[in-house]
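Coordinates from protein.pdb are shown below (PDB, C-alpha atoms and all ligand atoms).
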```pdb
MODEL        1
ATOM      1  CA  MET A   1     167.771 -52.906-123.177  1.00  0.00           C
ATOM      2  CA  THR A   2     165.132 -50.919-121.286  1.00  0.00           C
ATOM      3  CA  THR A   3     163.487 -51.048-117.888  1.00  0.00           C
ATOM      4  CA  HIS A   4     159.797 -50.262-117.463  1.00  0.00           C
ATOM      5  CA  ILE A   5     158.820 -48.048-114.562  1.00  0.00           C
ATOM      6  CA  SER A   6     155.336 -47.380-113.161  1.00  0.00           C
ATOM      7  CA  LEU A   7     154.919 -44.347-110.944  1.00  0.00           C
ATOM      8  CA  LYS A   8     152.078 -43.094-108.778  1.00  0.00           C
ATOM      9  CA  ILE A   9     151.987 -39.305-109.095  1.00  0.00           C
ATOM     10  CA  GLU A  10     150.003 -36.982-106.834  1.00  0.00           C
ATOM     11  CA  GLY A  11     148.866 -33.481-107.710  1.00  0.00           C
ATOM     12  CA  MET A  12     147.783 -33.754-111.348  1.00  0.00           C
ATOM     13  CA  THR A  13     144.353 -32.161-111.901  1.00  0.00           C
ATOM     14  CA  CYS A  14     143.972 -31.709-115.668  1.00  0.00           C
ATOM     15  CA  ASP A  15     145.375 -32.462-119.131  1.00  0.00           C
ATOM     16  CA  SER A  16     147.932 -29.701-118.931  1.00  0.00           C
ATOM     17  CA  CYS A  17     149.438 -31.353-115.832  1.00  0.00           C
ATOM     18  CA  SER A  18     150.012 -34.652-117.622  1.00  0.00           C
ATOM     19  CA  ASN A  19     151.121 -32.805-120.760  1.00  0.00           C
ATOM     20  CA  SER A  20     153.735 -30.766-118.927  1.00  0.00           C
ATOM     21  CA  ILE A  21     155.195 -33.881-117.309  1.00  0.00           C
ATOM     22  CA  THR A  22     155.200 -35.733-120.637  1.00  0.00           C
ATOM     23  CA  LYS A  23     156.849 -32.789-122.378  1.00  0.00           C
ATOM     24  CA  LEU A  24     159.621 -32.494-119.801  1.00  0.00           C
ATOM     25  CA  LEU A  25     160.350 -36.228-119.731  1.00  0.00           C
ATOM     26  CA  SER A  26     160.363 -36.338-123.557  1.00  0.00           C
ATOM     27  CA  LYS A  27     163.415 -34.077-123.592  1.00  0.00           C
ATOM     28  CA  LYS A  28     165.516 -36.809-121.999  1.00  0.00           C
ATOM     29  CA  ASP A  29     166.980 -39.309-124.451  1.00  0.00           C
ATOM     30  CA  PHE A  30     166.990 -42.125-121.881  1.00  0.00           C
ATOM     31  CA  ILE A  31     163.203 -41.986-121.356  1.00  0.00           C
ATOM     32  CA  SER A  32     160.818 -43.480-123.929  1.00  0.00           C
ATOM     33  CA  ASN A  33     157.234 -44.753-124.332  1.00  0.00           C
ATOM     34  CA  ILE A  34     155.929 -42.153-121.885  1.00  0.00           C
ATOM     35  CA  ASP A  35     152.281 -42.444-120.826  1.00  0.00           C
ATOM     36  CA  VAL A  36     151.094 -40.062-118.092  1.00  0.00           C
ATOM     37  CA  GLN A  37     147.423 -40.192-117.026  1.00  0.00           C
ATOM     38  CA  TRP A  38     146.267 -37.414-114.728  1.00  0.00           C
ATOM     39  CA  GLU A  39     142.924 -39.043-113.820  1.00  0.00           C
ATOM     40  CA  ALA A  40     144.573 -42.266-112.734  1.00  0.00           C
ATOM     41  CA  GLY A  41     147.559 -40.462-111.244  1.00  0.00           C
ATOM     42  CA  THR A  42     149.979 -42.710-113.070  1.00  0.00           C
ATOM     43  CA  GLY A  43     153.128 -42.392-115.100  1.00  0.00           C
ATOM     44  CA  GLU A  44     154.421 -45.239-117.231  1.00  0.00           C
ATOM     45  CA  MET A  45     157.632 -45.163-119.216  1.00  0.00           C
ATOM     46  CA  ASP A  46     160.759 -47.030-120.195  1.00  0.00           C
ATOM     47  CA  VAL A  47     164.235 -46.015-119.112  1.00  0.00           C
ATOM     48  CA  GLU A  48     167.607 -47.434-120.080  1.00  0.00           C
ATOM     49  CA  THR A  49     168.834 -48.467-116.617  1.00  0.00           C
ATOM     50  CA  ASP A  50     167.244 -49.028-113.178  1.00  0.00           C
ATOM     51  CA  ASP A  51     169.068 -46.157-111.499  1.00  0.00           C
ATOM     52  CA  GLN A  52     167.450 -43.626-113.852  1.00  0.00           C
ATOM     53  CA  LYS A  53     164.186 -43.883-111.907  1.00  0.00           C
ATOM     54  CA  ASP A  54     165.608 -41.428-109.362  1.00  0.00           C
ATOM     55  CA  GLN A  55     166.253 -38.899-112.121  1.00  0.00           C
ATOM     56  CA  VAL A  56     162.682 -39.289-113.401  1.00  0.00           C
ATOM     57  CA  VAL A  57     161.289 -38.706-109.903  1.00  0.00           C
ATOM     58  CA  THR A  58     163.440 -35.597-109.502  1.00  0.00           C
ATOM     59  CA  LEU A  59     162.234 -34.188-112.820  1.00  0.00           C
ATOM     60  CA  ILE A  60     158.561 -34.726-111.967  1.00  0.00           C
ATOM     61  CA  GLU A  61     158.910 -33.300-108.465  1.00  0.00           C
ATOM     62  CA  ARG A  62     160.695 -30.259-109.833  1.00  0.00           C
ATOM     63  CA  LEU A  63     157.434 -29.457-111.644  1.00  0.00           C
ATOM     64  CA  GLY A  64     155.595 -29.496-108.315  1.00  0.00           C
ATOM     65  CA  TYR A  65     154.052 -32.976-108.343  1.00  0.00           C
ATOM     66  CA  LYS A  66     154.698 -35.702-105.811  1.00  0.00           C
ATOM     67  CA  VAL A  67     155.823 -39.199-106.745  1.00  0.00           C
ATOM     68  CA  VAL A  68     154.581 -41.583-104.078  1.00  0.00           C
ATOM     69  CA  ASN A  69     156.290 -44.784-105.205  1.00  0.00           C
TER      70      ASN A  69
HETATM   71 CU    CU A 101     146.594 -29.413-114.591  1.00  0.00          CU
ENDMDL
END
```
If you took the structure in this file and wrote it as structure tokens, what would it be?
Ligand SMILES: [Cu+2]
Amino acid sequence: MTTHISLKIEGMTCDSCSNSITKLLSKKDFISNIDVQWEAGTGEMDVETDDQKDQVVTLIERLGYKVVN
């Protein structure tokens, strides 16, 4: 059972931004089907439970980007 989450992410300016977010999120077993697009400022992925969205936001913001939803 997975939950899909769609995030709006501010601060990405190039491929290496989206790559670094994807790489970090990939290390977590509970996150799958990660698709981060820097031009659109979006992050799509599946997590195992609803409450894991907060952990995803924390991980992304730790890299210096801002999740706005
Ligand atoms: Cu960049």
Q: Grab the CA of Met12 in chain A to CA of Asn33 in chain A distance for me, in Å with one decimal place.
A: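 Those two atoms sit 19.5 Å apart.
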Q.
Calculated over all atoms listed in the file, which of the candidates A:Ile34, A:Val47, A:Leu63, A:Val68 has the smallest distance to ligand CU 101 (chain A)?
A. A:Leu63
(Q) Please determine, counting all atoms listed in the file, which residue among A:Cys14, A:Met1, A:Ala40, A:Ile9 has the shortest atom-to-atom distance to ligand CU 101 (chain A). (A)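 Using all atoms listed in the file, ligand CU 101 (chain A) sits closest to A:Cys14.
On the file presented, the PyMOL selection byres (((chain A and resi 44) around 9) and not hetatm) picks out His4, Ile5, Ser6, Leu7, Asn33, Ile34, Asp35, Val36, Gln37, Thr42, Gly43, Met45 and Asp46 of chain A.
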How would you write, as a CSV table (one decimal) with C-alpha atoms, in the coordinates of the input, the set of residues no farther than 9 Å from ligand CU 101 (chain A) when counting only C-alpha atoms and all ligand atoms?
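Saved result, part.csv, follows:
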```
chain,number,residue,atom,x,y,z
A,11,GLY,CA,148.9,-33.5,-107.7
A,12,MET,CA,147.8,-33.8,-111.3
A,13,THR,CA,144.4,-32.2,-111.9
A,14,CYS,CA,144.0,-31.7,-115.7
A,15,ASP,CA,145.4,-32.5,-119.1
A,16,SER,CA,147.9,-29.7,-118.9
A,17,CYS,CA,149.4,-31.4,-115.8
A,18,SER,CA,150.0,-34.7,-117.6
A,19,ASN,CA,151.1,-32.8,-120.8
A,20,SER,CA,153.7,-30.8,-118.9
A,38,TRP,CA,146.3,-37.4,-114.7
```
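With all atoms listed in the file as the atoms that count, the minimum distance from Thr2 in chain A to the choices A:Gln55, A:Asn69, A:Phe30, A:Glu61 is reached by A:Phe30.
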Q. What separation in Å, quoted to one decimal, exists between CA of Asp51 in chain A and CA of Glu39 in chain A?
A. 27.2 Å
Around all the atoms of range 4-20 of chain A listed in the file, with 5 Å of room on each side, what axis-aligned box do you get, giving centre and edge lengths in Å to one decimal, as AutoDock Vina command-line options?
```
--center_x 151.9 --center_y -40.0 --center_z -113.8 --size_x 25.8 --size_y 30.6 --size_z 23.9
```
**Q.** One-decimal distance in Å that lies between CA of Lys53 in chain A and CA of Ile31 in chain A
**A.** 9.7 Å
Got a sec: who's within 12 Å of Arg62 in chain A, counting all atoms listed in the file, leaving out chain neighbours fewer than 5 positions off, as a PDB file with C-alpha atoms, keeping the file's coordinate frame?
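File written: around_36.pdb
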```pdb
ATOM      1  CA  SER A  20     153.735 -30.766-118.927  1.00  0.00           C
ATOM      2  CA  ILE A  21     155.195 -33.881-117.309  1.00  0.00           C
ATOM      3  CA  LEU A  24     159.621 -32.494-119.801  1.00  0.00           C
ATOM      4  CA  LEU A  25     160.350 -36.228-119.731  1.00  0.00           C
ATOM      5  CA  GLN A  55     166.253 -38.899-112.121  1.00  0.00           C
ATOM      6  CA  VAL A  56     162.682 -39.289-113.401  1.00  0.00           C
ATOM      7  CA  VAL A  57     161.289 -38.706-109.903  1.00  0.00           C
ATOM      8  CA  VAL A  67     155.823 -39.199-106.745  1.00  0.00           C
TER       9      VAL A  67
END
```
Range 6-34 of chain A rebuilt with N, CA and C atoms, output as a short mmCIF file (atom, residue, chain, number, x, y, z; two decimals), in the coordinates of the input:
```cif
data_model
loop_
_atom_site.label_atom_id
_atom_site.label_comp_id
_atom_site.auth_asym_id
_atom_site.auth_seq_id
_atom_site.Cartn_x
_atom_site.Cartn_y
_atom_site.Cartn_z
N SER A 6 156.71 -47.81 -113.40
CA SER A 6 155.34 -47.38 -113.16
C SER A 6 155.33 -46.52 -111.92
N LEU A 7 154.92 -45.27 -112.08
CA LEU A 7 154.92 -44.35 -110.94
C LEU A 7 153.50 -43.95 -110.57
N LYS A 8 153.29 -43.73 -109.28
CA LYS A 8 152.08 -43.09 -108.78
C LYS A 8 152.43 -41.63 -108.53
N ILE A 9 151.67 -40.73 -109.18
CA ILE A 9 151.99 -39.30 -109.10
C ILE A 9 150.80 -38.56 -108.50
N GLU A 10 151.06 -37.78 -107.45
CA GLU A 10 150.00 -36.98 -106.83
C GLU A 10 150.09 -35.53 -107.28
N GLY A 11 148.92 -34.91 -107.45
CA GLY A 11 148.87 -33.48 -107.71
C GLY A 11 148.40 -33.09 -109.11
N MET A 12 148.24 -34.08 -110.00
CA MET A 12 147.78 -33.75 -111.35
C MET A 12 146.26 -33.57 -111.33
N THR A 13 145.79 -32.46 -111.93
CA THR A 13 144.35 -32.16 -111.90
C THR A 13 143.73 -31.95 -113.28
N CYS A 14 144.54 -31.93 -114.33
CA CYS A 14 143.97 -31.71 -115.67
C CYS A 14 144.96 -32.16 -116.74
N ASP A 15 144.53 -32.06 -118.00
CA ASP A 15 145.38 -32.46 -119.13
C ASP A 15 146.70 -31.72 -119.17
N SER A 16 146.68 -30.44 -118.81
CA SER A 16 147.93 -29.70 -118.93
C SER A 16 148.97 -30.19 -117.92
N CYS A 17 148.50 -30.75 -116.80
CA CYS A 17 149.44 -31.35 -115.83
C CYS A 17 150.16 -32.54 -116.47
N SER A 18 149.38 -33.47 -117.02
CA SER A 18 150.01 -34.65 -117.62
C SER A 18 150.84 -34.26 -118.85
N ASN A 19 150.36 -33.26 -119.59
CA ASN A 19 151.12 -32.80 -120.76
C ASN A 19 152.46 -32.19 -120.38
N SER A 20 152.48 -31.42 -119.29
CA SER A 20 153.74 -30.77 -118.93
C SER A 20 154.75 -31.79 -118.44
N ILE A 21 154.28 -32.82 -117.74
CA ILE A 21 155.20 -33.88 -117.31
C ILE A 21 155.71 -34.64 -118.53
N THR A 22 154.80 -35.00 -119.43
CA THR A 22 155.20 -35.73 -120.64
C THR A 22 156.22 -34.94 -121.46
N LYS A 23 155.96 -33.65 -121.59
CA LYS A 23 156.85 -32.79 -122.38
C LYS A 23 158.25 -32.73 -121.77
N LEU A 24 158.31 -32.58 -120.46
CA LEU A 24 159.62 -32.49 -119.80
C LEU A 24 160.38 -33.81 -119.93
N LEU A 25 159.68 -34.92 -119.67
CA LEU A 25 160.35 -36.23 -119.73
C LEU A 25 160.80 -36.55 -121.15
N SER A 26 160.04 -36.07 -122.15
CA SER A 26 160.36 -36.34 -123.56
C SER A 26 161.70 -35.75 -123.98
N LYS A 27 162.15 -34.73 -123.23
CA LYS A 27 163.42 -34.08 -123.59
C LYS A 27 164.62 -34.93 -123.24
N LYS A 28 164.41 -35.96 -122.43
CA LYS A 28 165.52 -36.81 -122.00
C LYS A 28 165.61 -38.03 -122.91
N ASP A 29 166.78 -38.22 -123.49
CA ASP A 29 166.98 -39.31 -124.45
C ASP A 29 166.80 -40.70 -123.82
N PHE A 30 167.05 -40.80 -122.52
CA PHE A 30 166.99 -42.12 -121.88
C PHE A 30 165.57 -42.55 -121.49
N ILE A 31 164.60 -41.65 -121.69
CA ILE A 31 163.20 -41.99 -121.36
C ILE A 31 162.40 -42.14 -122.64
N SER A 32 161.64 -43.26 -122.74
CA SER A 32 160.82 -43.48 -123.93
C SER A 32 159.47 -44.10 -123.56
N ASN A 33 158.57 -44.17 -124.53
CA ASN A 33 157.23 -44.75 -124.33
C ASN A 33 156.51 -44.17 -123.12
N ILE A 34 156.50 -42.85 -123.04
CA ILE A 34 155.93 -42.15 -121.88
C ILE A 34 154.40 -42.11 -121.98
#
```
